[in-house]
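J.: I'd like to ask some things about the structure below.
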Amino acid sequence: MSTIATEPLVRAADAPRRRTIFNERIQSFVVLLPSLLAIAIFVYAFIGITFWISLSNWRTLRPDLTIREPLLQTYADMFAMPRFQADLRNTLVFTLMFITMSILLGLGLAILIDHNRKLLGIPVFRNTFLFPYALSFIVTGVAWRWIFNPETGINLFFDILGINTLLVNSGMEPLRPGWVTDPTVVLQINDIIASISPAFADSIQMKLGVPVALIPVAIAATWQLSGFVMAMYLGGMTTISQDVREAARIDGANEWQMYRKVIIPILKPITISVFVILLHISLKIFDLTFTMAGVGPGFATDVPAIFVFEQMFKATRYNLGSAAAIVMLILVAVIIVPYLRYSLKDES
Amino acid sequence: MLKRRVILFALVVALVALPVLVFAQASGQLEVFSWWTSGGEAAALQSLFDSYSAANPDVEIINATVAGGGGSAARPVLQTRLAGGDPPDTWQVHPGAELLGQYVDADYVVPITDLYEANGWYDVVPQALIDMVSRDGEVYLVMVGVHRGNGFWYNKPLLEANGIMIGETLSVAEFMTAAETLSAAGVDPLCVGDSGVWASAQLFENTLAGVMGADGYNGLWDGTVSFSDPSVLEAMTVYGQMLDYQNSDHAALTWDQAIGKLMEGNCAFSSMGDWAYGEFVNAGMEDNVDFGWVSHPGSDGAFMVVADGFVMANGAPNPEANAAWLTTLGSKEAQEAFNPLKGSICARTDCDREAFGVYHNWSMDSFASATLTPSVVHGTAAPADFQQALNDAVTLFIVDRDVEAFSEALVAAASMSGFGA
């Protein structure tokens, strides 16, 4: 009896709810539509246009969107250019140096602060380490350009400290590194590649190794971003409950073992996030290298973003600049897409 | 009744004629786009505005400058505006490839041949200069001043202390001998500041003109001489030898800092356009006492043209005001006011020599007698993509000194740009 009585009631309540869900969907779609449209046009359509231009004949100020024959010839030209090859080498070397140094330094600072949490004045240090992150790369670039100027920068410091007097007196060359003006490429592996594949070695038009001029740039970038890495790790460390630390101590771990075996493994998701964030900064870096060192001697500090800028706006080779921009996009996508899949899977 | 009609008719005529009368003297706004923002440049630009406003008091000038050496920041802005169909009335352009390739071919500018005819400029502007700004008999640019790009400046007391006397000209061999003497005495013979690579590329183009001669050099751009020619390879070798004599900190310096080192006596010679002259004057140095000049070694028969001019935009918002502006720029009076401030000479041959100092009178003599050669580095000889390719090839050559690779890179770049032999 009661079921018969309630059935229409349930149906009556159900219909409006379904309508509400339907309405909500429409409403949310309507609300989202402007951003969806904007993203479709300003992100995906523009990527598509850039890709089209990279295949086209457009190489003067006058737009020319006819497709260049043979297809992908601009890409072939680009990968054969000594300059672009040097750019790819620099991106790889810079990324390795910058990410390793930033994560090690950031983590080290985080552990120091976490360990001495109760010490007076710790907030001062925490903020001081984070401050460089508030600056723009342009400011960092200009300041560090002075520091690493061979005539007026850190080399004067060597003179004042008497290191050079000491070296000269003992019959050695004074310590006057060229820093960002040094064209040397160390740890060259061209010969090794030639012994494995002479054909491949022939297509390499530059010295494959570590350009020493990139080291000061990586140091400047590390100075700027290690504070950010520290903040990320510190944030993670505060979420780890004291119980975990207590348990580790009871198990006989000393402080160092506790960080190495317990805390750092727990912070793995943070390490991955930091890694991805630093990596995409590194792959797209422009302002810091541009202001600090320019393209460098023999393209020792050139990066793909500077290549894009110069080919587009100075050489007016729009197809070549677009091709380089597409290569940069692909490099970043290779990193970001797996990370997005990883983090989305995590959430669900 | 008739009277009323006459009045009505007169009113109508007046209404129609009024705008015509107003347009006879330009009015409204005139937007002038340039990258002249530094001290002397800005003052020189202001002198042009003053000359213009004296003749056209009703026009309001919009001074659209974008700071940045050599227009590096201004050109992207200009390109974006042109592509978006929002041109300024007029903008600063170098003659030759930059004007013809970027703006004339793309229909961003319109011819101003009638201004040349009306003002009699054909009689006072050298034909070689007019050729650099013409296509199919139409002229597209009014040049306001000309710099000489192949100057070779030296610290006179420093050379005398080392027993080196410089005559009217300097050959490549004479330079090498002097450089050897200076080197042995522990002085850097050559001051270079190539933190902007164009300074070294300019050293190279001057060396090309010095070794190949003005005619050989000009042949590179009309396709009669190839970049694989033996004379080009020789010039590259000489350029490499000159680089061996440069200061070790060249990559950290700008061109003006290199001139500063020259003035301090840390190095002896510097190859630079005559905008360097202003540096000497500003430092209180005296001509032919504290410093001297000759043409870049071997290049005294050449005048490397680095000229600046203004165009008439296609679709200029105010063509009448702009025609008046271009007329002012071409005039003797405006150029006589402008060039002493800018440190260049007039783009016409009848300017009053009294208004200029010793150096610029020397430059005017060279302008009148030498073969005019277009500069690549300053956009006149070759299109922008070749210019970039040259800068890139020079960047590599400074480090690896590979003459063959240098030559091959330029041959390939010239054929890509469509002018190679």
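Every chain in the structure tokens takes a letter, A first, then B, and so on in the order presented; its residues are numbered from 1, and the ligands are numbered from 1 following the presented order.
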For chain B, work out the contacting residues on chain A at 6 Å, counting only C-alpha atoms, and write them as a PyMOL selection string.
T.: chain A and resi 61-62+181+298+313+315
J.: Please produce a file of those selected residues containing N, CA and C atoms, as a CSV table (one decimal), in the first residue's frame.
T.:
chain,number,residue,atom,x,y,z
A,61,LEU,N,59.1,40.0,-45.1
A,61,LEU,CA,58.0,40.7,-44.3
A,61,LEU,C,56.7,40.4,-44.9
A,62,ARG,N,56.6,40.0,-46.2
A,62,ARG,CA,55.3,39.8,-46.8
A,62,ARG,C,54.9,38.4,-46.5
A,181,THR,N,82.2,34.8,-21.4
A,181,THR,CA,82.9,35.1,-22.7
A,181,THR,C,83.8,34.0,-23.1
A,298,GLY,N,80.7,31.8,-30.1
A,298,GLY,CA,80.4,30.6,-30.8
A,298,GLY,C,79.1,29.9,-30.4
A,313,PHE,N,62.2,38.0,-35.9
A,313,PHE,CA,62.0,39.5,-36.0
A,313,PHE,C,63.3,40.2,-36.6
A,315,ALA,N,65.7,38.3,-38.7
A,315,ALA,CA,66.0,37.8,-40.1
A,315,ALA,C,64.7,37.8,-40.9
J.: Range 258-267 of chain B: which residues within 10 Å, counting only C-alpha atoms, same-chain residues fewer than 5 positions away excluded, as number ranges by chain?
T.: B: 153-159, 182-183, 186-194, 245-247, 249-250, 252-253, 272, 276-277, 279-280, 283, 285, 290-291
J.: Between B:Ala54, B:Ala74, B:Leu243, B:Leu203, single out the one closest to Met176 in chain B, counting only C-alpha atoms.
T.: B:Leu243
J.: Taking the DSSP assignment computed from this structure's backbone, write out as a list of chain:residue names all residues of range 163-314 of chain B that belong to strand (DSSP E or B).
T.: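 The residues of range 163-314 of chain B classed as strand (DSSP E or B) are B:Asp188, B:Pro189, B:Leu190, B:Gln246, B:Cys267, B:Ala268, B:Phe269, B:Ser270, B:Ser271, B:Met272, B:Asp287, B:Phe291, B:Gly292, B:Trp293, B:Val294, B:Ser295, B:Ala302, B:Phe303, B:Met304, B:Val305, B:Val306, B:Ala307, B:Asp308, B:Gly309, B:Phe310, B:Ala313.
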J.: Excluding Ala218 in chain A and residues on its chain fewer than 3 positions from it, collect all residues at most 12 Å away from it, counting only C-alpha atoms, and give them as a compact mmCIF listing (two decimals) with C-alpha atoms, in the first residue's frame.
T.:
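Contents of result-v7.txt, freshly written:
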# COMPACT_ATOMS: atom_id res chain seq x y z
CA ASN A 90 72.95 24.00 -24.73
CA THR A 91 69.37 23.23 -23.71
CA LEU A 92 70.37 19.72 -22.68
CA VAL A 93 73.51 20.79 -20.81
CA PHE A 94 71.84 23.77 -19.15
CA THR A 95 68.84 21.66 -18.07
CA LEU A 96 71.04 19.01 -16.49
CA MET A 97 73.18 21.55 -14.62
CA PHE A 98 70.34 23.82 -13.59
CA ILE A 99 67.93 21.12 -12.37
CA THR A 100 70.58 19.13 -10.51
CA MET A 101 71.94 22.20 -8.75
CA SER A 102 68.52 23.70 -7.98
CA THR A 140 68.81 38.48 -12.32
CA GLY A 141 70.42 38.42 -15.76
CA TRP A 144 74.83 38.37 -12.74
CA TRP A 179 83.14 33.21 -17.61
CA VAL A 180 80.34 33.98 -20.09
CA VAL A 210 79.77 21.19 -22.12
CA PRO A 211 80.26 24.88 -23.03
CA VAL A 212 81.89 26.43 -19.97
CA ALA A 213 80.14 29.76 -20.63
CA LEU A 214 76.86 28.04 -19.70
CA ILE A 215 78.03 27.32 -16.15
CA ALA A 221 69.29 30.40 -12.67
CA THR A 222 69.95 28.18 -9.65
CA TRP A 223 70.35 31.22 -7.42
CA GLN A 224 66.94 32.41 -8.55
CA LEU A 225 64.99 29.15 -8.29
CA SER A 226 66.58 27.13 -5.47
CA SER A 282 64.67 25.46 -18.49
CA ILE A 285 64.38 29.97 -20.96
CA LEU A 288 67.94 35.20 -18.34
CA THR A 289 70.36 33.98 -21.03
CA MET A 292 73.14 37.81 -19.09
CA ALA A 293 75.17 36.46 -22.01
CA THR A 301 75.01 30.34 -24.43
J.: Quick one: residues within 10 Å of range 318-332 of chain B, only C-alpha atoms counted, chain neighbours fewer than 5 positions away excluded, as a PyMOL selection string?
T.: chain B and resi 23-32+48-49+51-53+55-56+58-61+88-90+112+115-116+118-121+124-125+141-145+309-313+337-338+346-352
J.: For N, CA and C atoms, I'd like the residues from the last selection saved as a compact mmCIF listing (two decimals), in the first residue's frame.
T.:
# COMPACT_ATOMS: atom_id res chain seq x y z
N PHE B 23 43.92 72.14 -46.35
CA PHE B 23 44.89 71.09 -46.68
C PHE B 23 46.13 71.64 -47.39
N ALA B 24 46.00 72.82 -48.00
CA ALA B 24 47.16 73.38 -48.67
C ALA B 24 48.29 73.58 -47.67
N GLN B 25 47.91 74.00 -46.45
CA GLN B 25 48.90 73.95 -45.39
C GLN B 25 48.54 72.79 -44.49
N ALA B 26 49.51 71.84 -44.30
CA ALA B 26 49.19 70.60 -43.61
C ALA B 26 48.73 70.85 -42.18
N SER B 27 47.85 69.98 -41.72
CA SER B 27 47.38 70.09 -40.35
C SER B 27 47.13 68.69 -39.82
N GLY B 28 46.58 68.63 -38.62
CA GLY B 28 46.30 67.33 -38.02
C GLY B 28 47.53 66.79 -37.32
N GLN B 29 47.63 65.46 -37.34
CA GLN B 29 48.73 64.82 -36.63
C GLN B 29 49.67 64.11 -37.60
N LEU B 30 50.93 64.02 -37.22
CA LEU B 30 51.91 63.30 -38.02
C LEU B 30 52.69 62.37 -37.09
N GLU B 31 52.61 61.06 -37.37
CA GLU B 31 53.30 60.11 -36.50
C GLU B 31 54.63 59.71 -37.13
N VAL B 32 55.74 60.02 -36.44
CA VAL B 32 57.08 59.71 -36.92
C VAL B 32 57.67 58.61 -36.04
N LEU B 48 65.02 68.23 -36.40
CA LEU B 48 64.15 68.02 -37.56
C LEU B 48 62.72 68.45 -37.24
N PHE B 49 62.27 68.08 -36.04
CA PHE B 49 60.92 68.48 -35.63
C PHE B 49 60.80 70.00 -35.61
N SER B 51 62.59 72.21 -37.38
CA SER B 51 62.54 72.71 -38.75
C SER B 51 61.14 72.53 -39.33
N TYR B 52 60.55 71.37 -39.04
CA TYR B 52 59.25 71.06 -39.59
C TYR B 52 58.16 71.96 -39.02
N SER B 53 58.19 72.13 -37.70
CA SER B 53 57.15 72.92 -37.05
C SER B 53 57.21 74.39 -37.46
N ALA B 55 57.76 75.47 -40.40
CA ALA B 55 57.04 75.60 -41.67
C ALA B 55 55.61 75.11 -41.57
N ASN B 56 55.33 74.22 -40.64
CA ASN B 56 53.99 73.63 -40.53
C ASN B 56 53.49 73.71 -39.09
N ASP B 58 50.69 74.00 -37.77
CA ASP B 58 49.40 73.41 -37.40
C ASP B 58 49.46 71.90 -37.20
N VAL B 59 50.60 71.29 -37.52
CA VAL B 59 50.68 69.84 -37.39
C VAL B 59 51.25 69.47 -36.03
N GLU B 60 50.54 68.53 -35.39
CA GLU B 60 51.04 68.03 -34.12
C GLU B 60 51.85 66.76 -34.40
N ILE B 61 53.13 66.78 -34.00
CA ILE B 61 54.00 65.62 -34.27
C ILE B 61 53.88 64.61 -33.13
N PRO B 88 52.43 53.78 -39.03
CA PRO B 88 52.66 55.20 -38.74
C PRO B 88 52.76 55.94 -40.07
N ASP B 89 52.70 57.27 -40.07
CA ASP B 89 52.81 58.00 -41.33
C ASP B 89 54.15 57.74 -41.99
N THR B 90 55.20 57.73 -41.17
CA THR B 90 56.54 57.57 -41.72
C THR B 90 57.42 56.90 -40.69
N ILE B 112 57.87 58.32 -53.88
CA ILE B 112 57.86 59.77 -53.63
C ILE B 112 58.69 60.45 -54.70
N LEU B 115 58.27 64.18 -55.22
CA LEU B 115 58.95 65.08 -54.29
C LEU B 115 60.38 65.35 -54.75
N TYR B 116 61.05 64.31 -55.28
CA TYR B 116 62.41 64.47 -55.78
C TYR B 116 62.41 65.46 -56.95
N ALA B 118 59.98 67.78 -57.71
CA ALA B 118 59.52 69.11 -57.33
C ALA B 118 60.59 69.90 -56.58
N ASN B 119 61.42 69.19 -55.78
CA ASN B 119 62.40 69.90 -54.95
C ASN B 119 63.80 69.94 -55.56
N GLY B 120 63.94 69.38 -56.77
CA GLY B 120 65.24 69.43 -57.44
C GLY B 120 66.30 68.57 -56.77
N TRP B 121 65.88 67.48 -56.07
CA TRP B 121 66.85 66.66 -55.34
C TRP B 121 67.71 65.82 -56.29
N VAL B 124 71.16 67.33 -56.53
CA VAL B 124 72.06 67.49 -55.38
C VAL B 124 72.35 66.20 -54.64
N VAL B 125 71.55 65.14 -54.88
CA VAL B 125 71.81 63.86 -54.22
C VAL B 125 72.58 62.97 -55.20
N LEU B 141 62.61 56.81 -50.79
CA LEU B 141 63.15 57.21 -49.49
C LEU B 141 63.79 58.59 -49.58
N VAL B 142 63.58 59.42 -48.56
CA VAL B 142 64.33 60.67 -48.44
C VAL B 142 65.38 60.46 -47.37
N MET B 143 66.67 60.58 -47.77
CA MET B 143 67.75 60.38 -46.81
C MET B 143 68.10 61.71 -46.16
N VAL B 144 68.35 61.64 -44.85
CA VAL B 144 68.56 62.88 -44.11
C VAL B 144 70.02 63.05 -43.72
N GLY B 145 70.76 61.92 -43.62
CA GLY B 145 72.17 61.99 -43.26
C GLY B 145 72.90 60.71 -43.61
N GLY B 309 66.92 57.34 -43.52
CA GLY B 309 65.93 58.10 -44.26
C GLY B 309 64.54 57.77 -43.78
N PHE B 310 63.56 58.46 -44.36
CA PHE B 310 62.17 58.25 -43.97
C PHE B 310 61.32 57.99 -45.21
N VAL B 311 60.23 57.26 -45.02
CA VAL B 311 59.38 56.83 -46.14
C VAL B 311 57.98 57.44 -46.03
N MET B 312 57.22 57.21 -47.09
CA MET B 312 55.79 57.54 -47.09
C MET B 312 55.02 56.22 -46.99
N ALA B 313 54.29 56.04 -45.88
CA ALA B 313 53.56 54.79 -45.69
C ALA B 313 52.45 54.65 -46.72
N ALA B 337 71.13 71.51 -40.04
CA ALA B 337 70.88 71.56 -38.60
C ALA B 337 71.02 70.17 -37.98
N PHE B 338 70.56 69.17 -38.72
CA PHE B 338 70.49 67.81 -38.20
C PHE B 338 71.86 67.15 -38.08
N CYS B 346 75.63 65.48 -44.74
CA CYS B 346 74.37 65.62 -45.48
C CYS B 346 74.27 64.55 -46.57
N ALA B 347 73.04 64.18 -46.89
CA ALA B 347 72.81 63.25 -47.99
C ALA B 347 72.70 64.04 -49.29
N ARG B 348 73.14 65.29 -49.30
CA ARG B 348 73.20 66.10 -50.51
C ARG B 348 74.57 66.78 -50.53
N THR B 349 75.01 67.16 -51.70
CA THR B 349 76.41 67.57 -51.84
C THR B 349 76.63 69.06 -51.68
N ASP B 350 75.54 69.84 -51.43
CA ASP B 350 75.70 71.30 -51.41
C ASP B 350 75.60 71.92 -50.02
N CYS B 351 75.81 71.08 -48.97
CA CYS B 351 75.71 71.65 -47.63
C CYS B 351 76.91 72.55 -47.33
N ASP B 352 76.69 73.49 -46.41
CA ASP B 352 77.72 74.45 -46.03
C ASP B 352 78.79 73.74 -45.19
J.: Find the spatial neighbours of Pro304 in chain A, counting only C-alpha atoms, within a cut-off of 7 Å - ignore same-chain residues fewer than 3 positions away - and output them as a ChimeraX atom specification.
T.: /A:87,307-308,324
J.: Write out as a compact mmCIF listing (two decimals) with C-alpha atoms, in the first residue's frame all residues of range 148-333 of chain B that backbone DSSP assigns to alpha helix (DSSP H).
T.:
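Written output follows (result-v7.txt):
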# COMPACT_ATOMS: atom_id res chain seq x y z
CA LYS B 156 97.84 59.00 -31.73
CA PRO B 157 100.13 59.45 -28.68
CA LEU B 158 100.19 55.66 -28.15
CA LEU B 159 101.27 55.01 -31.73
CA GLU B 160 103.91 57.75 -31.60
CA ALA B 161 105.30 56.29 -28.38
CA VAL B 172 96.62 45.92 -44.93
CA ALA B 173 100.37 45.17 -44.91
CA GLU B 174 101.14 48.44 -43.10
CA PHE B 175 98.55 47.61 -40.47
CA MET B 176 99.99 44.13 -39.94
CA THR B 177 103.51 45.57 -39.46
CA ALA B 178 102.22 48.15 -36.98
CA ALA B 179 100.20 45.49 -35.16
CA GLU B 180 103.28 43.27 -34.83
CA THR B 181 105.27 46.18 -33.33
CA LEU B 182 102.47 46.99 -30.86
CA SER B 183 102.00 43.35 -29.93
CA ALA B 184 105.72 43.01 -29.18
CA TRP B 198 77.41 43.25 -35.48
CA ALA B 199 80.56 45.11 -34.41
CA SER B 200 82.72 42.17 -35.45
CA ALA B 201 80.60 41.62 -38.58
CA GLN B 202 81.26 45.24 -39.45
CA LEU B 203 85.00 44.69 -38.98
CA PHE B 204 84.61 41.84 -41.47
CA GLU B 205 82.65 43.84 -44.07
CA ASN B 206 85.21 46.65 -43.86
CA THR B 207 87.96 44.07 -44.37
CA LEU B 208 86.07 42.66 -47.37
CA ALA B 209 86.01 46.15 -48.95
CA GLY B 210 89.66 46.69 -47.98
CA VAL B 211 90.94 43.47 -49.51
CA MET B 212 88.61 43.18 -52.53
CA GLY B 213 88.43 46.88 -53.35
CA ALA B 214 85.18 48.81 -53.67
CA ASP B 215 84.18 47.34 -57.05
CA GLY B 216 84.89 43.75 -56.04
CA TYR B 217 82.90 44.31 -52.86
CA ASN B 218 79.96 45.80 -54.74
CA GLY B 219 80.02 42.76 -57.05
CA LEU B 220 79.10 40.52 -54.11
CA TRP B 221 75.66 42.11 -53.91
CA ASP B 222 74.72 42.26 -57.60
CA PRO B 230 89.61 33.70 -53.90
CA SER B 231 89.53 37.38 -52.95
CA VAL B 232 86.77 36.66 -50.41
CA LEU B 233 88.78 33.81 -48.92
CA GLU B 234 91.78 36.13 -48.70
CA ALA B 235 89.68 38.76 -46.93
CA MET B 236 88.48 36.11 -44.48
CA THR B 237 92.08 35.12 -43.76
CA VAL B 238 93.04 38.76 -43.16
CA TYR B 239 89.98 39.15 -40.91
CA GLY B 240 91.14 36.11 -38.93
CA GLN B 241 94.62 37.65 -38.57
CA MET B 242 93.10 40.90 -37.35
CA LEU B 243 91.05 38.98 -34.78
CA ASP B 244 94.32 37.54 -33.45
CA TRP B 255 81.59 49.08 -29.25
CA ASP B 256 81.68 52.33 -27.26
CA GLN B 257 83.45 50.65 -24.35
CA ALA B 258 86.05 49.46 -26.88
CA ILE B 259 86.51 53.07 -28.04
CA GLY B 260 86.87 53.98 -24.37
CA LYS B 261 89.73 51.49 -24.04
CA LEU B 262 91.34 53.06 -27.10
CA MET B 263 91.12 56.52 -25.55
CA GLU B 264 92.66 55.21 -22.30
CA ALA B 276 82.51 56.79 -32.88
CA TYR B 277 83.66 60.37 -33.56
CA GLY B 278 81.05 61.62 -31.07
CA GLU B 279 82.63 59.47 -28.34
CA PHE B 280 85.98 61.20 -28.85
CA VAL B 281 84.39 64.65 -28.87
CA ASN B 282 82.35 63.93 -25.74
CA PRO B 319 49.81 61.93 -46.35
CA GLU B 320 49.72 65.74 -46.75
CA ALA B 321 51.51 66.33 -43.45
CA ASN B 322 53.95 63.56 -44.31
CA ALA B 323 54.75 65.00 -47.76
CA ALA B 324 55.59 68.25 -45.98
CA TRP B 325 57.73 66.28 -43.48
CA LEU B 326 59.69 64.56 -46.25
CA THR B 327 60.14 67.90 -48.03
CA THR B 328 61.63 69.33 -44.84
CA LEU B 329 63.99 66.34 -44.43
CA GLY B 330 65.36 66.74 -47.94
CA LYS B 332 69.49 71.91 -47.16
CA GLU B 333 68.55 73.86 -44.03
J.: Would you work out the distance separating CA of Asn57 in chain A from CA of Pro111 in chain B, expressed in Å to one decimal?
T.: 27.2 Å
